[in-house]
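Enquirer: To start, I am sharing the structure in question, which I have written as structure tokens.
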Amino acid sequence: MNIDLLTPAELEQLRELINVSEKIVLCCHRSPDGDAIGSVLGWAEFLRTQGKVPVAVIPDAYPDFLQWMPGTERLLRYDKHENFANEILADADLIFCLDFNTASRTDKMAGHITEAKAKKVMIDHHLNPDMDTVMCISHPEACSTCELVFRLIWQLGCFENVTKKCAVPLYCGMMTDTGGFTYNSTRPEIFFIISQLLTKHINKDKIYRNVYNNYSEWRMRLTGYVLYQKMVVMAEHNACYFVLTREDLRRFHYIKGDAEGLVNMPLQIKGTKLSISLREDTEHDNIVWVSLRSVDDFPCNLMAEQYFNGGGHLNASGGRLECSIEEAEAIVCRAIEEFCKGR
Ligand code: 5GP
Ligand code: MN
């Protein structure tokens, strides 16, 4: 199957950029998810097989359920080592920007990435890439950045060099960005790639369990609480939302990642097209994180842009509001009433 992404000239350009660069840095978006961490770890491991010594800098913490992935111990947390990370960014020859389309998605790293003298290469699957790069490998039709990373390695003719340590995070990122291959994953290329990754002796069932069957007791109880007490069903609009206050999070011993995926659950209700979650920031007042999920052709990214200062994919988007949690709830209700009308 032909899964090439680049023209022959682009392929040579990428090969050359990697060959001539000594100080290579990889970075991803804030609150990294499975695809962000997976693509960073997979691409870093691949570069190591090419004799490179890349440094992976991530803006902040990743969820607890990704900790098991091979190589996480080497990730450099920007929020913990800001000065050191700034030096590394300033000193880099080449920066790979993985799984984000604009520098602002890296939060405090943004200015340091933009101003770094390094050449930048974006590898991403979000709409509207907007960065000053020498190569912009942007494919919104891809299921994940991990899919793109695999296809680049494949096209570079380096699949033989792929180790299990590279294959595991790539599989994991494809899996998490498609909800375990339940959405955005019907293209045959995806299953061709999976079949190739399996030849590296990854245990896909174990990867699934590591991510999805690895919750704390508190996360499980939080799920019950959200569904029983917090979920608001706006049946006339085929929409649901729920709000998690700081007090809720404290009560359920919230740790990073514990709320991940909850927003998908209301979509299991027959006929539901849209689900929105609001989560009060655990540290800062007047910051509310918004997640949106939808089915079929309901464009939750447009809704995220219009009402929540965010964006994302057609069926999975996010954003943030700077207001109280009560005001945020009022905005969500109004957004659902306005946006869902006639859909
Ligand atoms: P989550 O609900 O997991 O935080 O975000 C879902 C998806 O929405 C992410 O994979 C990301 O692509 C997108 N997303 C989240 N927040 C933002 C944002 O502030 N801006 C944009 N453009 N996309 C976002
Ligand atoms: Mn992604």
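Quick note on naming: the chains in the structure tokens go A, B, ... in the order shown, residues restart at 1 in each chain, and ligands are numbered from 1 in order of appearance.
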Identify, counting only C-alpha atoms and all ligand atoms, the protein, DNA and RNA residues located within 8 Å of ligand 1, and give them as a PyMOL selection string.
Expert: chain A and resi 31+33+99-102+105+126+177+260-261+263+289-293+301+304-305+309-313+316-320
Enquirer: Pick out the residues no farther than 9 Å from ligand 2, counting only C-alpha atoms and all ligand atoms, and list them as a list of chain:residue names.
Expert: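 Based on only C-alpha atoms and all ligand atoms, ligand 2 is surrounded within 9 Å by A:Asp33, A:Gly34, A:Asp35, A:Ala36, A:Ser39, A:Leu98, A:Asp99, A:Phe100, A:Asp124, A:His125, A:His126, A:Cys143, A:Ser144, A:Thr145, A:Cys146, A:Gly173, A:Met174, A:Thr176, A:Asp177.
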Enquirer: Rank nothing, just name the residue among A:Gln268, A:Thr186, A:Ser21, A:Ser104 nearest to Asp91 (chain A), using only C-alpha atoms.
Expert: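 Closest residue, counting only C-alpha atoms: A:Ser21.
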Enquirer: What is the CA of Pro140 (chain A) to CA of Leu5 (chain A) distance in Å?
Expert: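 The value is 12.3 Å.
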Enquirer: At what distance in Å, to one decimal, does CA of Pro169 (chain A) lie from CA of Ser216 (chain A)?
Expert: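 A separation of 22.0 Å between them.
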Enquirer: Taking only C-alpha atoms into account, name the residue in A:Glu45, A:Glu327, A:Glu73, A:Glu247 that is nearest to Cys166 (chain A).
Expert: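 Looking only at the distances to Cys166 (chain A), the closest residue turns out to be A:Glu45.
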Enquirer: Nearest to Glu280 (chain A): which of A:Asn128, A:Asn264, A:Gln306, A:Ser324 is it, counting only C-alpha atoms?
Expert: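 With only C-alpha atoms as the atom set, the closest residue is A:Ser324.
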Enquirer: Give me every helix (DSSP H, G or I) residue in region 265-326 of chain A, going by DSSP on the backbone, as a list of chain:residue names.
Expert: A:Met265, A:Pro266, A:Leu267, A:Gln268, A:Cys300, A:Asn301, A:Leu302, A:Met303, A:Ala304, A:Glu305, A:Gln306, A:Tyr307, A:Phe308, A:Ile325, A:Glu326
Enquirer: Grab the residues selected above and save them as a tab-separated table (two decimals), in the first residue's frame with N, CA and C atoms.
Expert:
```
chain	number	residue	atom	x	y	z
A	265	MET	N	-18.56	10.02	27.35
A	265	MET	CA	-19.59	9.08	27.83
A	265	MET	C	-21.02	9.48	27.48
A	266	PRO	N	-21.39	10.76	27.63
A	266	PRO	CA	-22.78	11.11	27.30
A	266	PRO	C	-23.14	10.82	25.84
A	267	LEU	N	-22.15	10.69	24.97
A	267	LEU	CA	-22.45	10.37	23.56
A	267	LEU	C	-23.02	8.96	23.42
A	268	GLN	N	-22.92	8.17	24.49
A	268	GLN	CA	-23.51	6.82	24.44
A	268	GLN	C	-25.03	6.86	24.55
A	300	CYS	N	-17.88	20.29	16.15
A	300	CYS	CA	-17.66	20.87	17.48
A	300	CYS	C	-16.44	21.80	17.49
A	301	ASN	N	-15.57	21.68	16.45
A	301	ASN	CA	-14.44	22.64	16.39
A	301	ASN	C	-14.94	24.06	16.11
A	302	LEU	N	-15.99	24.19	15.28
A	302	LEU	CA	-16.54	25.53	15.02
A	302	LEU	C	-17.13	26.11	16.29
A	303	MET	N	-17.78	25.23	17.04
A	303	MET	CA	-18.38	25.68	18.30
A	303	MET	C	-17.28	26.12	19.29
A	304	ALA	N	-16.19	25.34	19.31
A	304	ALA	CA	-15.07	25.68	20.20
A	304	ALA	C	-14.46	27.03	19.82
A	305	GLU	N	-14.38	27.29	18.53
A	305	GLU	CA	-13.84	28.58	18.07
A	305	GLU	C	-14.78	29.72	18.43
A	306	GLN	N	-16.06	29.48	18.17
A	306	GLN	CA	-17.05	30.55	18.31
A	306	GLN	C	-17.31	30.93	19.77
A	307	TYR	N	-17.30	29.95	20.66
A	307	TYR	CA	-17.73	30.24	22.04
A	307	TYR	C	-16.65	30.03	23.10
A	308	PHE	N	-15.60	29.25	22.78
A	308	PHE	CA	-14.71	28.83	23.87
A	308	PHE	C	-13.24	29.12	23.62
A	325	ILE	N	-16.94	29.58	37.11
A	325	ILE	CA	-17.53	28.33	36.61
A	325	ILE	C	-19.04	28.53	36.37
A	326	GLU	N	-19.67	29.40	37.18
A	326	GLU	CA	-21.11	29.67	36.99
A	326	GLU	C	-21.34	30.39	35.66
```
Enquirer: For Ala259 (chain A), please output as a ChimeraX atom specification all residues within 12 Å (counting only C-alpha atoms; exclusion window: fewer than 6 positions along the same chain).
Expert: /A:63-65,215-216,218-226,242-245,248-249,252-253,265,277-281,289-291
Enquirer: So, counting only C-alpha atoms, which residue among A:Tyr183, A:Phe46, A:Phe192, A:Phe339 is closest to His237 (chain A)?
Expert: A:Phe339
Enquirer: What is the distance between CA of Lys119 (chain A) and CA of Asn86 (chain A), in Å to one decimal?
Expert: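 Value for the CA of Lys119 (chain A)-CA of Asn86 (chain A) distance: 15.7 Å.
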Enquirer: From the options A:Phe96, A:Phe84, A:Tyr78, A:Tyr241, which residue's atoms come nearest to Val57 (chain A), counting only C-alpha atoms?
Expert: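 Selected residue with least distance to Val57 (chain A): A:Tyr78.
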Enquirer: A:Ala116, A:Met109, A:Leu66, A:Val121: which is nearest Cys172 (chain A), counting only C-alpha atoms?
Expert: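 Closest to Cys172 (chain A) of all the choices is A:Leu66.
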Enquirer: Within 8 Å of Ala61 (chain A), counting only C-alpha atoms, which residues show up once you throw out same-chain ones fewer than 6 positions away? Write them as a list in words, please.
Expert: Ser31, Pro32, Arg77 and Lys256 of chain A
Enquirer: List the spatial neighbours of region 42-44 of chain A as a tab-separated table (two decimals) with all heavy atoms, in the first residue's frame - criterion: any atom at most 9 Å away, only C-alpha atoms, same-chain residues fewer than 5 positions off excluded.
Expert:
```tsv
chain	number	residue	atom	x	y	z
A	25	VAL	N	15.54	19.13	18.75
A	25	VAL	CA	14.58	19.21	19.85
A	25	VAL	C	13.20	18.83	19.32
A	25	VAL	O	12.85	19.18	18.19
A	25	VAL	CB	14.55	20.64	20.45
A	25	VAL	CG1	13.46	20.76	21.51
A	25	VAL	CG2	15.91	20.99	21.07
A	26	LEU	N	12.46	18.10	20.13
A	26	LEU	CA	11.08	17.75	19.78
A	26	LEU	C	10.17	18.38	20.82
A	26	LEU	O	10.50	18.38	22.02
A	26	LEU	CB	10.88	16.23	19.85
A	26	LEU	CG	11.39	15.35	18.70
A	26	LEU	CD1	12.88	15.48	18.53
A	26	LEU	CD2	11.00	13.92	18.93
A	37	ILE	N	2.39	12.70	23.29
A	37	ILE	CA	3.49	11.97	23.93
A	37	ILE	C	3.97	10.83	23.03
A	37	ILE	O	5.17	10.62	22.84
A	37	ILE	CB	3.04	11.40	25.30
A	37	ILE	CG1	2.72	12.54	26.27
A	37	ILE	CG2	4.10	10.47	25.90
A	37	ILE	CD1	3.91	13.35	26.73
A	49	THR	N	17.78	5.91	16.43
A	49	THR	CA	18.27	4.82	15.56
A	49	THR	C	19.07	5.39	14.39
A	49	THR	O	19.81	4.67	13.73
A	49	THR	CB	17.12	3.93	15.00
A	49	THR	OG1	16.34	4.72	14.09
A	49	THR	CG2	16.25	3.36	16.10
A	52	LYS	N	21.15	10.08	16.16
A	52	LYS	CA	20.93	11.42	16.72
A	52	LYS	C	20.69	11.34	18.22
A	52	LYS	O	20.35	10.27	18.75
A	52	LYS	CB	19.72	12.07	16.03
A	52	LYS	CG	19.88	12.19	14.52
A	52	LYS	CD	20.96	13.19	14.17
A	52	LYS	CE	21.41	13.10	12.72
A	52	LYS	NZ	22.49	14.03	12.41
A	53	VAL	N	20.85	12.48	18.87
A	53	VAL	CA	20.60	12.53	20.32
A	53	VAL	C	19.56	13.63	20.59
A	53	VAL	O	19.90	14.71	21.08
A	53	VAL	CB	21.91	12.82	21.10
A	53	VAL	CG1	21.69	12.63	22.60
A	53	VAL	CG2	23.03	11.93	20.61
A	54	PRO	N	18.31	13.37	20.23
A	54	PRO	CA	17.30	14.42	20.36
A	54	PRO	C	16.90	14.67	21.82
A	54	PRO	O	17.02	13.77	22.65
A	54	PRO	CB	16.11	13.84	19.59
A	54	PRO	CG	16.27	12.37	19.71
A	54	PRO	CD	17.74	12.10	19.73
A	55	VAL	N	16.42	15.87	22.08
A	55	VAL	CA	15.86	16.18	23.40
A	55	VAL	C	14.38	16.47	23.21
A	55	VAL	O	14.00	17.26	22.34
A	55	VAL	CB	16.55	17.42	24.02
A	55	VAL	CG1	15.96	17.72	25.40
A	55	VAL	CG2	18.05	17.21	24.12
A	56	ALA	N	13.56	15.81	24.00
A	56	ALA	CA	12.11	16.03	23.91
A	56	ALA	C	11.66	16.92	25.06
A	56	ALA	O	11.84	16.56	26.22
A	56	ALA	CB	11.38	14.69	23.94
A	146	CYS	N	0.82	10.42	15.29
A	146	CYS	CA	1.56	9.16	15.28
A	146	CYS	C	1.44	8.46	13.92
A	146	CYS	O	2.41	7.85	13.45
A	146	CYS	CB	1.08	8.24	16.40
A	146	CYS	SG	1.74	8.73	18.00
A	149	VAL	N	3.93	10.21	11.73
A	149	VAL	CA	5.31	9.84	12.07
A	149	VAL	C	5.64	8.47	11.47
A	149	VAL	O	6.70	8.28	10.86
A	149	VAL	CB	5.51	9.85	13.61
A	149	VAL	CG1	6.80	9.15	14.00
A	149	VAL	CG2	5.51	11.28	14.13
A	150	PHE	N	4.70	7.54	11.61
A	150	PHE	CA	4.94	6.22	11.02
A	150	PHE	C	5.17	6.34	9.52
A	150	PHE	O	6.10	5.75	8.95
A	150	PHE	CB	3.77	5.26	11.28
A	150	PHE	CG	4.00	3.90	10.66
A	150	PHE	CD1	4.58	2.89	11.41
A	150	PHE	CD2	3.69	3.67	9.32
A	150	PHE	CE1	4.84	1.65	10.82
A	150	PHE	CE2	3.95	2.44	8.73
A	150	PHE	CZ	4.53	1.43	9.48
A	153	ILE	N	8.58	7.67	8.63
A	153	ILE	CA	9.64	6.66	8.83
A	153	ILE	C	9.60	5.65	7.68
A	153	ILE	O	10.61	5.26	7.11
A	153	ILE	CB	9.45	5.95	10.19
A	153	ILE	CG1	9.65	6.94	11.34
A	153	ILE	CG2	10.41	4.77	10.33
A	153	ILE	CD1	9.29	6.39	12.72
A	165	LYS	N	10.37	-0.22	20.96
A	165	LYS	CA	10.31	0.99	21.77
A	165	LYS	C	9.76	2.17	20.98
A	165	LYS	O	9.26	3.15	21.55
A	165	LYS	CB	11.73	1.30	22.26
A	165	LYS	CG	11.77	2.07	23.52
A	165	LYS	CD	13.17	2.21	24.05
A	165	LYS	CE	13.14	3.30	25.10
A	165	LYS	NZ	14.46	3.70	25.51
A	166	CYS	N	9.89	2.11	19.67
A	166	CYS	CA	9.33	3.14	18.80
A	166	CYS	C	7.89	2.78	18.42
A	166	CYS	O	7.00	3.63	18.38
A	166	CYS	CB	10.22	3.25	17.55
A	166	CYS	SG	9.62	4.33	16.28
A	167	ALA	N	7.66	1.50	18.18
A	167	ALA	CA	6.34	1.04	17.70
A	167	ALA	C	5.26	1.20	18.78
A	167	ALA	O	4.12	1.56	18.46
A	167	ALA	CB	6.43	-0.42	17.26
A	168	VAL	N	5.62	0.96	20.03
A	168	VAL	CA	4.62	1.01	21.11
A	168	VAL	C	4.01	2.41	21.25
A	168	VAL	O	2.77	2.55	21.21
A	168	VAL	CB	5.23	0.51	22.45
A	168	VAL	CG1	4.34	0.89	23.63
A	168	VAL	CG2	5.43	-1.00	22.41
A	169	PRO	N	4.81	3.48	21.39
A	169	PRO	CA	4.18	4.80	21.50
A	169	PRO	C	3.42	5.21	20.25
A	169	PRO	O	2.39	5.90	20.35
A	169	PRO	CB	5.35	5.76	21.78
A	169	PRO	CG	6.60	5.00	21.59
A	169	PRO	CD	6.27	3.55	21.64
A	170	LEU	N	3.89	4.80	19.07
A	170	LEU	CA	3.17	5.17	17.84
A	170	LEU	C	1.79	4.51	17.82
A	170	LEU	O	0.78	5.12	17.49
A	170	LEU	CB	3.97	4.79	16.59
A	170	LEU	CG	5.26	5.59	16.37
A	170	LEU	CD1	5.93	5.18	15.06
A	170	LEU	CD2	5.02	7.10	16.39
```
